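Enquirer: The structure file input.txt (compact mmCIF, C-alpha atoms) is provided below.
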# COMPACT_ATOMS: atom_id res chain seq x y z
CA MET A 1 0.00 0.00 0.00
CA ILE A 2 2.87 2.35 0.81
CA LEU A 3 4.59 1.58 -2.51
CA GLN A 4 1.35 2.13 -4.42
CA ARG A 5 0.87 5.49 -2.73
CA TYR A 6 4.48 6.44 -3.45
CA ILE A 7 4.14 5.63 -7.17
CA GLY A 8 0.79 7.42 -7.45
CA VAL A 9 2.10 10.57 -5.76
CA SER A 10 5.21 10.54 -7.96
CA VAL A 11 3.09 10.37 -11.12
CA ALA A 12 0.83 13.19 -9.90
CA LYS A 13 3.94 15.30 -9.25
CA GLY A 14 5.10 14.57 -12.81
CA TRP A 15 1.79 15.82 -14.19
CA LEU A 16 2.05 18.95 -12.08
CA LEU A 17 5.60 19.62 -13.27
CA VAL A 18 4.66 19.32 -16.95
CA LEU A 19 1.51 21.38 -16.33
CA LEU A 20 3.55 24.22 -14.84
CA VAL A 21 6.07 24.13 -17.69
CA LEU A 22 3.39 24.21 -20.39
CA ALA A 23 1.45 26.88 -18.48
CA ALA A 24 4.56 29.06 -18.41
CA VAL A 25 5.24 28.52 -22.13
CA PHE A 26 1.69 29.03 -23.38
CA GLY A 27 1.05 31.83 -20.90
CA LEU A 28 4.09 33.74 -22.12
CA ILE A 29 3.13 33.20 -25.76
CA GLY A 30 -0.46 34.27 -25.12
CA PHE A 31 0.62 37.31 -23.11
CA THR A 32 2.98 38.45 -25.89
CA GLN A 33 0.40 37.97 -28.63
CA GLU A 34 -2.34 39.78 -26.72
CA LEU A 35 0.04 42.60 -25.83
CA ASP A 36 0.65 43.15 -29.55
CA HIS A 37 -3.11 43.49 -30.13
CA THR A 38 -3.92 45.95 -27.36
CA GLU A 39 -3.19 49.14 -29.32
CA MET A 40 -2.87 50.85 -25.89
CA ASP A 41 -6.54 50.08 -25.13
CA TYR A 42 -5.64 48.52 -21.78
CA SER A 43 -2.61 47.93 -19.57
CA ALA A 44 -0.16 45.04 -19.28
CA ILE A 45 -1.88 44.04 -16.02
CA ASP A 46 -5.19 43.68 -17.87
CA VAL A 47 -3.43 41.63 -20.55
CA ALA A 48 -1.95 39.39 -17.86
CA ARG A 49 -5.39 38.89 -16.29
CA TYR A 50 -6.91 38.00 -19.67
CA THR A 51 -4.07 35.54 -20.35
CA LEU A 52 -4.52 33.86 -16.96
CA LEU A 53 -8.28 33.50 -17.47
CA ILE A 54 -8.00 31.79 -20.86
CA LEU A 55 -4.98 29.66 -19.89
CA PRO A 56 -6.97 26.93 -18.04
CA ASN A 57 -9.04 26.24 -21.15
CA GLN A 58 -5.85 25.85 -23.19
CA LEU A 59 -4.29 23.53 -20.63
CA VAL A 60 -7.41 21.33 -20.48
CA SER A 61 -7.16 20.81 -24.23
CA LEU A 62 -3.53 19.70 -23.67
CA ALA A 63 -4.48 17.21 -20.94
CA PRO A 64 -3.59 14.06 -22.96
CA VAL A 65 -0.12 15.43 -23.70
CA ILE A 66 0.33 16.52 -20.07
CA ALA A 67 -0.66 13.03 -18.89
CA LEU A 68 1.75 11.38 -21.33
CA LEU A 69 4.77 13.58 -20.62
CA GLY A 70 4.09 13.80 -16.88
CA SER A 71 3.81 10.02 -16.53
CA ILE A 72 6.98 9.46 -18.54
CA VAL A 73 8.87 12.05 -16.48
CA ALA A 74 7.72 10.51 -13.18
CA LEU A 75 8.27 6.85 -14.07
CA ALA A 76 11.53 7.47 -15.93
CA ASN A 77 12.80 9.43 -12.93
CA LEU A 78 11.95 6.52 -10.62
CA ASP A 79 13.69 4.09 -12.95
CA ARG A 80 16.62 6.46 -13.32
CA TYR A 81 17.61 5.70 -9.74
CA ASN A 82 16.59 2.01 -10.04
CA GLU A 83 13.62 2.48 -7.71
CA LEU A 84 11.28 0.60 -10.03
CA THR A 85 13.84 -2.19 -10.35
CA ILE A 86 13.98 -2.55 -6.57
CA ILE A 87 10.18 -2.41 -6.32
CA SER A 88 9.80 -5.15 -8.95
CA CYS A 89 12.37 -7.32 -7.15
CA THR A 90 10.26 -7.24 -3.99
CA GLY A 91 7.58 -9.20 -5.82
CA PHE A 92 5.45 -6.13 -6.55
CA PRO A 93 3.20 -7.38 -9.41
CA PRO A 94 2.37 -5.34 -12.54
CA THR A 95 -1.31 -5.32 -11.52
CA LYS A 96 -0.42 -3.37 -8.37
CA LEU A 97 1.62 -0.96 -10.49
CA LEU A 98 -1.45 -0.31 -12.63
CA THR A 99 -3.59 0.02 -9.51
CA ALA A 100 -1.17 2.61 -8.16
CA LEU A 101 -1.62 4.64 -11.34
CA ALA A 102 -5.39 4.10 -11.50
CA LEU A 103 -6.46 6.31 -8.58
CA PRO A 104 -4.68 9.54 -9.63
CA THR A 105 -5.71 8.89 -13.24
CA VAL A 106 -9.39 8.51 -12.33
CA LEU A 107 -9.19 11.67 -10.22
CA LEU A 108 -7.60 13.50 -13.15
CA MET A 109 -10.29 12.27 -15.56
CA THR A 110 -13.06 13.32 -13.19
CA GLY A 111 -11.44 16.71 -12.70
CA LEU A 112 -11.26 17.24 -16.45
CA TRP A 113 -14.98 16.52 -16.92
CA LEU A 114 -15.85 18.90 -14.09
CA CYS A 115 -13.56 21.62 -15.46
CA MET A 116 -15.01 21.36 -18.97
CA GLU A 117 -18.53 21.68 -17.60
CA TYR A 118 -18.21 24.15 -14.73
CA VAL A 119 -14.87 25.98 -14.78
CA THR A 120 -12.83 26.60 -17.93
CA PRO A 121 -15.64 27.68 -20.33
CA GLN A 122 -16.90 30.18 -17.77
CA LEU A 123 -13.39 31.58 -17.30
CA GLN A 124 -13.00 31.86 -21.07
CA GLN A 125 -16.32 33.71 -21.39
CA SER A 126 -15.41 36.02 -18.53
CA ALA A 127 -12.08 36.81 -20.17
CA GLU A 128 -13.72 37.62 -23.51
CA GLN A 129 -16.32 39.87 -21.85
CA GLU A 130 -13.68 41.76 -19.86
CA ARG A 131 -11.53 42.26 -22.95
CA LYS A 132 -14.53 43.53 -24.88
CA ALA A 133 -15.30 46.02 -22.11
CA LEU A 134 -11.68 47.19 -21.98
CA ARG A 135 -11.68 47.74 -25.71
CA GLY A 136 -14.61 50.10 -25.35
CA GLY A 137 -17.38 47.71 -26.30
CA GLY A 138 -20.90 48.48 -25.15
CA ASP A 139 -23.58 46.14 -23.97
CA ASP A 140 -24.36 44.94 -27.50
CA GLU A 141 -22.49 41.98 -28.91
CA TRP A 142 -22.22 41.94 -32.70
CA ILE A 143 -22.12 38.45 -34.16
CA PRO A 144 -19.51 38.32 -36.97
CA GLY A 145 -21.48 37.77 -40.18
CA GLY A 146 -24.62 37.27 -38.14
CA VAL A 147 -26.24 33.90 -37.59
CA TRP A 148 -28.90 32.13 -39.63
CA SER A 149 -31.54 29.67 -38.48
CA THR A 150 -34.24 27.82 -40.40
CA ASP A 151 -37.52 26.24 -39.42
CA GLY A 152 -39.06 24.57 -42.43
CA ARG A 153 -39.74 27.35 -44.95
CA ARG A 154 -38.87 30.16 -42.56
CA TYR A 155 -35.38 31.71 -42.26
CA ILE A 156 -34.19 34.19 -39.67
CA HIS A 157 -31.01 36.25 -39.48
CA LEU A 158 -29.77 37.73 -36.20
CA SER A 159 -27.06 40.40 -36.19
CA MET A 160 -26.54 41.24 -32.51
CA ILE A 161 -27.47 40.36 -28.97
CA SER A 162 -27.22 42.39 -25.76
CA GLU A 163 -26.05 41.14 -22.36
CA GLY A 164 -29.71 41.03 -21.32
CA LYS A 165 -30.38 38.35 -23.96
CA ILE A 166 -32.16 40.86 -26.20
CA PRO A 167 -31.59 40.16 -29.91
CA GLY A 168 -31.38 43.05 -32.33
CA ILE A 169 -31.34 43.88 -36.06
CA ILE A 170 -33.46 40.86 -36.99
CA LYS A 171 -34.54 39.76 -40.45
CA LEU A 172 -37.08 37.01 -41.14
CA PHE A 173 -38.09 35.48 -44.49
CA GLU A 174 -40.88 33.01 -45.19
CA PHE A 175 -41.40 30.95 -48.38
CA ASP A 176 -44.36 28.95 -49.68
CA GLU A 177 -44.36 25.38 -51.02
CA SER A 178 -43.10 26.57 -54.40
CA ASN A 179 -40.17 28.33 -52.69
CA GLU A 180 -41.59 31.75 -53.48
CA LEU A 181 -41.00 34.50 -50.92
CA VAL A 182 -44.32 35.40 -49.30
CA ARG A 183 -43.23 37.35 -46.23
CA ALA A 184 -40.25 39.37 -45.08
CA LEU A 185 -39.83 41.45 -41.95
CA TRP A 186 -37.21 43.56 -40.23
CA ALA A 187 -37.24 44.27 -36.51
CA GLN A 188 -35.11 46.43 -34.26
CA THR A 189 -35.30 44.16 -31.19
CA ALA A 190 -37.31 41.27 -29.76
CA GLN A 191 -38.35 39.95 -26.37
CA VAL A 192 -37.50 36.26 -26.01
CA ARG A 193 -39.94 34.06 -24.08
CA GLU A 194 -39.52 30.66 -22.44
CA ASP A 195 -41.93 29.01 -24.91
CA ARG A 196 -39.55 29.98 -27.80
CA SER A 197 -41.89 32.71 -29.04
CA TRP A 198 -40.39 36.13 -29.80
CA LEU A 199 -42.21 39.43 -29.51
CA PHE A 200 -40.67 41.55 -32.27
CA GLN A 201 -40.59 45.29 -31.70
CA GLN A 202 -40.46 48.20 -34.16
CA VAL A 203 -41.29 45.92 -37.07
CA ARG A 204 -41.45 46.62 -40.78
CA GLU A 205 -43.20 43.78 -42.61
CA LYS A 206 -43.69 42.98 -46.30
CA VAL A 207 -46.40 40.46 -47.22
CA LEU A 208 -47.19 39.05 -50.66
CA VAL A 209 -50.85 39.84 -51.49
CA ASN A 210 -52.25 39.07 -54.97
CA GLY A 211 -48.78 38.93 -56.46
CA GLU A 212 -47.64 42.23 -54.91
CA PHE A 213 -45.70 42.99 -51.75
CA ARG A 214 -47.42 45.30 -49.31
CA THR A 215 -45.51 46.97 -46.52
CA ARG A 216 -46.88 47.20 -43.02
CA GLY A 217 -45.56 48.65 -39.81
CA HIS A 218 -46.06 47.09 -36.39
CA LYS A 219 -45.13 48.30 -32.98
CA GLU A 220 -45.04 44.65 -31.85
CA LEU A 221 -45.43 41.33 -33.66
CA GLU A 222 -45.24 37.81 -32.17
CA VAL A 223 -43.43 34.96 -33.96
CA ALA A 224 -43.30 31.42 -32.52
CA ASN A 225 -40.68 28.62 -32.45
CA LEU A 226 -37.37 30.45 -32.46
CA TRP A 227 -34.49 30.32 -29.91
CA SER A 228 -35.17 29.99 -26.20
CA PRO A 229 -33.56 32.39 -23.66
CA ASP A 230 -31.07 29.69 -22.59
CA GLU A 231 -29.94 28.99 -26.16
CA LEU A 232 -29.64 32.61 -27.20
CA PRO A 233 -26.28 33.42 -25.50
CA THR A 234 -24.60 30.50 -27.27
CA LEU A 235 -24.90 32.34 -30.59
CA THR A 236 -22.09 34.72 -29.63
CA LEU A 237 -19.83 32.00 -28.21
CA LYS A 238 -17.11 30.09 -29.96
CA ASP A 239 -17.35 26.34 -29.50
CA ASP A 240 -14.27 26.36 -27.22
CA SER A 241 -16.14 28.71 -24.85
CA MET A 242 -19.13 26.38 -24.42
CA ASN A 243 -19.42 23.79 -21.70
CA LEU A 244 -20.39 20.21 -22.51
CA SER A 245 -24.12 20.51 -21.80
CA ILE A 246 -24.52 23.68 -23.89
CA LEU A 247 -22.60 22.12 -26.78
CA TYR A 248 -24.91 19.13 -26.78
CA ARG A 249 -28.15 21.11 -26.43
CA TYR A 250 -27.17 23.59 -29.11
CA SER A 251 -26.19 20.83 -31.56
CA GLN A 252 -29.58 19.18 -30.97
CA PHE A 253 -31.32 22.49 -31.57
CA LEU A 254 -29.51 22.90 -34.89
CA ALA A 255 -30.35 19.33 -35.93
CA ASN A 256 -34.03 19.76 -35.02
CA ASN A 257 -34.20 22.89 -37.17
CA GLY A 258 -32.58 21.36 -40.23
CA GLN A 259 -29.18 23.03 -39.78
CA PRO A 260 -25.80 21.21 -39.81
CA PRO A 261 -24.80 20.39 -36.20
CA ASP A 262 -21.52 18.63 -37.08
CA LYS A 263 -19.21 21.38 -35.84
CA TYR A 264 -20.71 21.41 -32.35
CA LEU A 265 -21.25 17.64 -32.16
CA ASN A 266 -17.59 17.11 -33.07
CA ALA A 267 -16.49 19.49 -30.32
CA PHE A 268 -18.85 17.83 -27.82
CA TRP A 269 -17.68 14.26 -28.45
CA GLN A 270 -14.00 15.19 -28.63
CA ARG A 271 -14.16 16.86 -25.23
CA LEU A 272 -16.42 14.24 -23.67
CA LEU A 273 -14.03 11.43 -24.63
CA MET A 274 -10.79 13.32 -23.96
CA PRO A 275 -10.44 12.01 -20.36
CA LEU A 276 -10.46 8.48 -21.82
CA THR A 277 -7.56 9.56 -24.00
CA VAL A 278 -5.77 10.65 -20.83
CA LEU A 279 -6.21 7.12 -19.45
CA ALA A 280 -4.78 5.63 -22.65
CA MET A 281 -1.83 8.03 -22.50
CA VAL A 282 -1.00 7.00 -18.93
CA LEU A 283 -0.97 3.34 -19.98
CA LEU A 284 1.24 4.17 -22.95
CA ALA A 285 3.68 6.09 -20.75
CA THR A 286 3.77 3.16 -18.29
CA SER A 287 4.72 0.70 -21.01
CA ILE A 288 7.49 3.04 -22.21
CA SER A 289 9.07 4.04 -18.90
CA ALA A 290 8.21 1.46 -16.25
CA GLY A 291 10.11 -1.56 -17.57
CA ALA A 292 12.41 -3.06 -14.97
CA THR A 293 15.43 -2.58 -17.26
CA ALA A 294 14.36 0.63 -18.96
CA GLY A 295 16.77 2.68 -16.86
CA ARG A 296 19.70 0.66 -18.16
CA ASP A 297 18.47 0.46 -21.75
CA ARG A 298 17.64 4.15 -22.24
CA SER A 299 18.69 7.39 -20.66
CA PHE A 300 16.26 9.72 -18.90
CA GLY A 301 16.59 12.23 -21.73
CA ILE A 302 15.70 9.65 -24.38
CA ASN A 303 12.51 8.80 -22.52
CA ILE A 304 11.56 12.47 -22.43
CA GLY A 305 12.37 12.77 -26.14
CA ILE A 306 10.16 9.78 -26.91
CA GLY A 307 7.33 11.39 -24.96
CA ALA A 308 7.73 14.69 -26.81
CA VAL A 309 7.68 12.95 -30.21
CA LEU A 310 4.62 10.90 -29.24
CA GLY A 311 2.87 14.08 -28.09
CA ILE A 312 3.51 15.77 -31.44
CA LEU A 313 2.43 12.65 -33.36
CA PHE A 314 -0.73 12.46 -31.26
CA TYR A 315 -1.65 16.06 -32.05
CA LEU A 316 -0.98 15.69 -35.79
CA GLY A 317 -2.69 12.29 -35.94
CA THR A 318 -5.85 13.46 -34.23
CA GLN A 319 -6.11 16.47 -36.56
CA ILE A 320 -5.78 14.17 -39.59
CA ILE A 321 -8.36 11.72 -38.22
CA PHE A 322 -10.86 14.48 -37.39
CA ALA A 323 -10.39 16.06 -40.83
CA LEU A 324 -10.87 12.71 -42.59
CA GLY A 325 -13.91 11.98 -40.46
CA GLN A 326 -15.57 15.23 -41.52
CA LEU A 327 -14.56 14.76 -45.15
CA LEU A 328 -15.82 11.16 -45.37
CA GLN A 329 -18.78 11.84 -43.04
CA TRP A 330 -17.89 9.07 -40.60
CA ASN A 331 -19.85 8.53 -37.41
CA ILE A 332 -18.93 11.45 -35.14
CA PRO A 333 -18.59 9.54 -31.81
CA PHE A 334 -16.47 6.91 -33.57
CA VAL A 335 -14.16 9.55 -35.04
CA ALA A 336 -13.75 11.17 -31.62
CA LEU A 337 -12.99 7.78 -30.02
CA LEU A 338 -10.65 6.50 -32.77
CA PRO A 339 -7.43 8.24 -31.54
CA THR A 340 -8.04 6.85 -28.05
CA LEU A 341 -8.55 3.33 -29.42
CA ILE A 342 -5.32 3.54 -31.42
CA ILE A 343 -3.32 4.75 -28.40
CA LEU A 344 -4.92 2.15 -26.13
CA THR A 345 -4.12 -0.65 -28.60
CA CYS A 346 -0.47 0.44 -28.81
CA ALA A 347 -0.25 0.75 -25.02
CA LEU A 348 -1.67 -2.75 -24.41
CA PHE A 349 0.65 -4.25 -27.03
CA LEU A 350 3.72 -2.64 -25.45
CA MET A 351 2.63 -3.63 -21.96
CA ARG A 352 2.55 -7.27 -22.97
CA ARG A 353 6.19 -6.91 -24.00
CA MET A 354 7.17 -4.84 -20.96
CA ARG A 355 9.90 -6.37 -18.79
CA TRP A 356 8.94 -6.13 -15.13
For this file, write the structure as C-alpha cells.
Expert:
Amino acid sequence: MILQRYIGVSVAKGWLLVLLVLAAVFGLIGFTQELDHTEMDYSAIDVARYTLLILPNQLVSLAPVIALLGSIVALANLDRYNELTIISCTGFPPTKLLTALALPTVLLMTGLWLCMEYVTPQLQQSAEQERKALRGGGDDEWIPGGVWSTDGRRYIHLSMISEGKIPGIIKLFEFDESNELVRALWAQTAQVREDRSWLFQQVREKVLVNGEFRTRGHKELEVANLWSPDELPTLTLKDDSMNLSILYRYSQFLANNGQPPDKYLNAFWQRLLMPLTVLAMVLLATSISAGATAGRDRSFGINIGIGAVLGILFYLGTQIIFALGQLLQWNIPFVALLPTLIILTCALFLMRRMRW
C-alpha cells in the first residue's frame, strides 16, 4: 500500500511539473500575442489577467499530452535511480503498479470533466467579456457575419445580442411550397420568451398579397418557435467557450431545425471522450518508462524525447483523423474515439512486452 501510494504521488507530481512548464510557455506566448493586439486600449496588467483566465481552457485541451509527458517524467525518474527495479524485485506485481496509477488517473479524468462543464468555459467567457469592455465595447455583442436559423420554410437572421439576452437587427423570411418568398420582416429588437416565441418590436413587414408585396408597420409582432432564452447566449460563443451541456443542447437544436450540427457535435464528443484519451496516454507512458530494465536500456533524456515525439504525433494524428472523419462523413462519436482506441491498442501491445 505504501509503494502504491508512493508511485501514485510521484506520477501526480510529474503531471504537475509538466503542467507548470506548459502553463509558463503558453502563458508567455499568449501574453505576448495579446500585448501586440492591445493598441494601448488597456494595460499590461489587464493583458496578464486575460491571459490567466484563458490559460486553463488551453491547458485542459492539452491534458492528454500533459498526462503522457508527466507520466513518462515521473516513471523514468523513478527508474533512473533504479527504484522501479527494486520495487519489482520485492515481488510487486504489474497489476499493483497499474492500480497505483489508477487512482490519480481517475481523479484527473473526473477533474477534467468537471472543469469542462463548470470551470474553464466560464473563465473563457469572462475573459472575452472583460476584454470587450476594456476595448470600449458596449452592452451589445455583434455576431460576426450574423447567424442564420431555419424552421421549415422560414429563415431568420440575427445580427446582434445584448447582455440582457435581447436580440437586435433581426430579419425574417418566409417561403411557400413553391419556394416563393411570401413574407419578409425587419425588426429592431425582440423579447424572447420561455416558450420559444419572440415578440418583435419596431417591425417593418412585407407580405405578398395578390402577387404584390405590401408593406406594413407594427409596434409589436409575435413569432413562434425560435431560440429559447437559454440557447440565445450560445450564438455569440465560440465552440471552445461552451461547456459540454450547452454544446450538446445547441447541436440538438440545430439538428431539429434542419441546420448542420456537425461542428458542435464534433467538439462535444471530442471533449467528452478526452479524459479516456488521458487514461490511454498513462498506460502508454507506463509501457514506455516502467520496464524493470528501462533505466539501463535508455537514458532519462531519451525517454523524455520519446514522450515529446509521441505528443507531437498524437496532435498531428488526431487532426488528420478528425479532418478525414468530416470529409468522409464518418460517425462522429467513432471519429472522436478512434485516436483513443489507437493509443490504447499500442499501449496494451507494449505492456505485454514490458519487462517487469
Enquirer: Could you give me, as a ChimeraX atom specification, the residues that have an atom at most 10 Å away from the point (-25.2, 11.3, -35.8) in the coordinates of the file, using only C-alpha atoms?
Expert: /A:255,261-262,265-266,329-333
Enquirer: Any idea what the distance is between atom CA of Ala280 of chain A and atom CA of Leu344 of chain A?
Expert: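 Interatomic distance here is 4.9 Å.
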Enquirer: Which distance in Å separates atom CA of Glu83 of chain A and atom CA of Ser289 of chain A, to one decimal?
Expert: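 Answer for the atom CA of Glu83 of chain A to atom CA of Ser289 of chain A separation: 12.2 Å.
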Enquirer: With all atoms listed in the file as the atoms that count, which of A:Val18, A:Leu123, A:Leu134, A:Leu337 lies nearest to Leu52 of chain A?
Expert: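 Answer, going by the shortest atom-to-atom distance: A:Leu123.
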Enquirer: Would you kindly return, as a list in words, each protein, DNA or RNA residue with an atom no farther than 12 Å from any atom of Thr345 of chain A, considering all atoms listed in the file and excluding same-chain residues fewer than 2 positions away?
Expert: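 What passes the distance filter is Thr277, Ala280, Met281, Leu283, Leu284, Ser287, Leu338, Pro339, Thr340, Leu341, Ile342, Ile343, Ala347, Leu348, Phe349, Leu350, Met351 and Arg352 of chain A.
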Enquirer: Just give me the gap between atom CA of Leu313 of chain A and atom CA of Arg353 of chain A in Å, one decimal is fine.
Expert: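 Straight-line distance from atom CA of Leu313 of chain A to atom CA of Arg353 of chain A works out to 22.0 Å.
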Enquirer: What lies within 10 Å of Thr99 of chain A using only C-alpha atoms, ignoring chain neighbours under 4 positions off, as a PDB file with C-alpha atoms, keeping the file's coordinate frame?
Expert:
ATOM      1  CA  GLN A   4       1.350   2.130  -4.420  1.00  0.00           C
ATOM      2  CA  ARG A   5       0.870   5.490  -2.730  1.00  0.00           C
ATOM      3  CA  ILE A   7       4.140   5.630  -7.170  1.00  0.00           C
ATOM      4  CA  GLY A   8       0.790   7.420  -7.450  1.00  0.00           C
ATOM      5  CA  PRO A  94       2.370  -5.340 -12.540  1.00  0.00           C
ATOM      6  CA  THR A  95      -1.310  -5.320 -11.520  1.00  0.00           C
ATOM      7  CA  LEU A 103      -6.460   6.310  -8.580  1.00  0.00           C
ATOM      8  CA  PRO A 104      -4.680   9.540  -9.630  1.00  0.00           C
ATOM      9  CA  THR A 105      -5.710   8.890 -13.240  1.00  0.00           C
TER      10      THR A 105
END
Enquirer: Using all atoms listed in the file for the distances, tell me which of A:Leu68, A:Leu97, A:Leu181, A:Val11 is nearest to Tyr155 of chain A.
Expert: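 Of A:Leu68, A:Leu97, A:Leu181, A:Val11, the one nearest Tyr155 of chain A is A:Leu181, counting all atoms listed in the file.
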Enquirer: Could you list, as a ChimeraX atom specification, every residue within 6 Å of Ala285 of chain A, counting all atoms listed in the file and ignoring same-chain residues fewer than 3 positions away?
Expert: /A:68,71-72,282,288
Enquirer: Compile the contact shell of segment 316-319 of chain A as a list of chain:residue names: residues with an atom at most 9 Å away, counting only C-alpha atoms, same-chain residues fewer than 4 positions apart removed.
Expert: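 Selected residues are A:Gly311, A:Ile312, A:Ala323, A:Leu324, A:Ala336, A:Leu338, A:Pro339.
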Enquirer: Quick one: segment 8-29 of chain A with N, CA and C atoms, as a short mmCIF file (atom, residue, chain, number, x, y, z; two decimals), in the frame of the given file?
Expert:
data_model
loop_
_atom_site.label_atom_id
_atom_site.label_comp_id
_atom_site.auth_asym_id
_atom_site.auth_seq_id
_atom_site.Cartn_x
_atom_site.Cartn_y
_atom_site.Cartn_z
N GLY A 8 1.88 6.52 -7.04
CA GLY A 8 0.79 7.42 -7.45
C GLY A 8 1.13 8.87 -7.22
N VAL A 9 1.72 9.18 -6.06
CA VAL A 9 2.10 10.57 -5.76
C VAL A 9 3.19 11.03 -6.71
N SER A 10 4.13 10.17 -7.04
CA SER A 10 5.21 10.54 -7.96
C SER A 10 4.66 10.89 -9.34
N VAL A 11 3.69 10.10 -9.81
CA VAL A 11 3.09 10.37 -11.12
C VAL A 11 2.32 11.68 -11.09
N ALA A 12 1.57 11.92 -10.02
CA ALA A 12 0.83 13.19 -9.90
C ALA A 12 1.79 14.38 -9.90
N LYS A 13 2.94 14.23 -9.24
CA LYS A 13 3.94 15.30 -9.25
C LYS A 13 4.49 15.51 -10.66
N GLY A 14 4.65 14.43 -11.42
CA GLY A 14 5.10 14.57 -12.81
C GLY A 14 4.11 15.34 -13.65
N TRP A 15 2.82 15.05 -13.45
CA TRP A 15 1.79 15.82 -14.19
C TRP A 15 1.86 17.29 -13.82
N LEU A 16 2.01 17.56 -12.53
CA LEU A 16 2.05 18.95 -12.08
C LEU A 16 3.26 19.68 -12.66
N LEU A 17 4.39 19.00 -12.72
CA LEU A 17 5.60 19.62 -13.27
C LEU A 17 5.40 19.99 -14.74
N VAL A 18 4.89 19.05 -15.52
CA VAL A 18 4.66 19.32 -16.95
C VAL A 18 3.59 20.40 -17.12
N LEU A 19 2.56 20.36 -16.28
CA LEU A 19 1.51 21.38 -16.33
C LEU A 19 2.09 22.77 -16.12
N LEU A 20 2.96 22.91 -15.13
CA LEU A 20 3.55 24.22 -14.84
C LEU A 20 4.45 24.68 -15.98
N VAL A 21 5.19 23.76 -16.58
CA VAL A 21 6.07 24.13 -17.69
C VAL A 21 5.26 24.59 -18.89
N LEU A 22 4.22 23.82 -19.24
CA LEU A 22 3.39 24.21 -20.39
C LEU A 22 2.60 25.48 -20.09
N ALA A 23 2.16 25.65 -18.84
CA ALA A 23 1.45 26.88 -18.48
C ALA A 23 2.36 28.09 -18.65
N ALA A 24 3.62 27.95 -18.26
CA ALA A 24 4.56 29.06 -18.41
C ALA A 24 4.80 29.37 -19.88
N VAL A 25 4.96 28.33 -20.70
CA VAL A 25 5.24 28.52 -22.13
C VAL A 25 4.05 29.15 -22.84
N PHE A 26 2.86 28.53 -22.68
CA PHE A 26 1.69 29.03 -23.38
C PHE A 26 1.22 30.36 -22.79
N GLY A 27 1.41 30.55 -21.49
CA GLY A 27 1.05 31.83 -20.90
C GLY A 27 1.90 32.96 -21.44
N LEU A 28 3.20 32.71 -21.59
CA LEU A 28 4.09 33.74 -22.12
C LEU A 28 3.76 34.05 -23.58
N ILE A 29 3.50 32.99 -24.36
CA ILE A 29 3.13 33.20 -25.76
C ILE A 29 1.83 33.98 -25.87
#
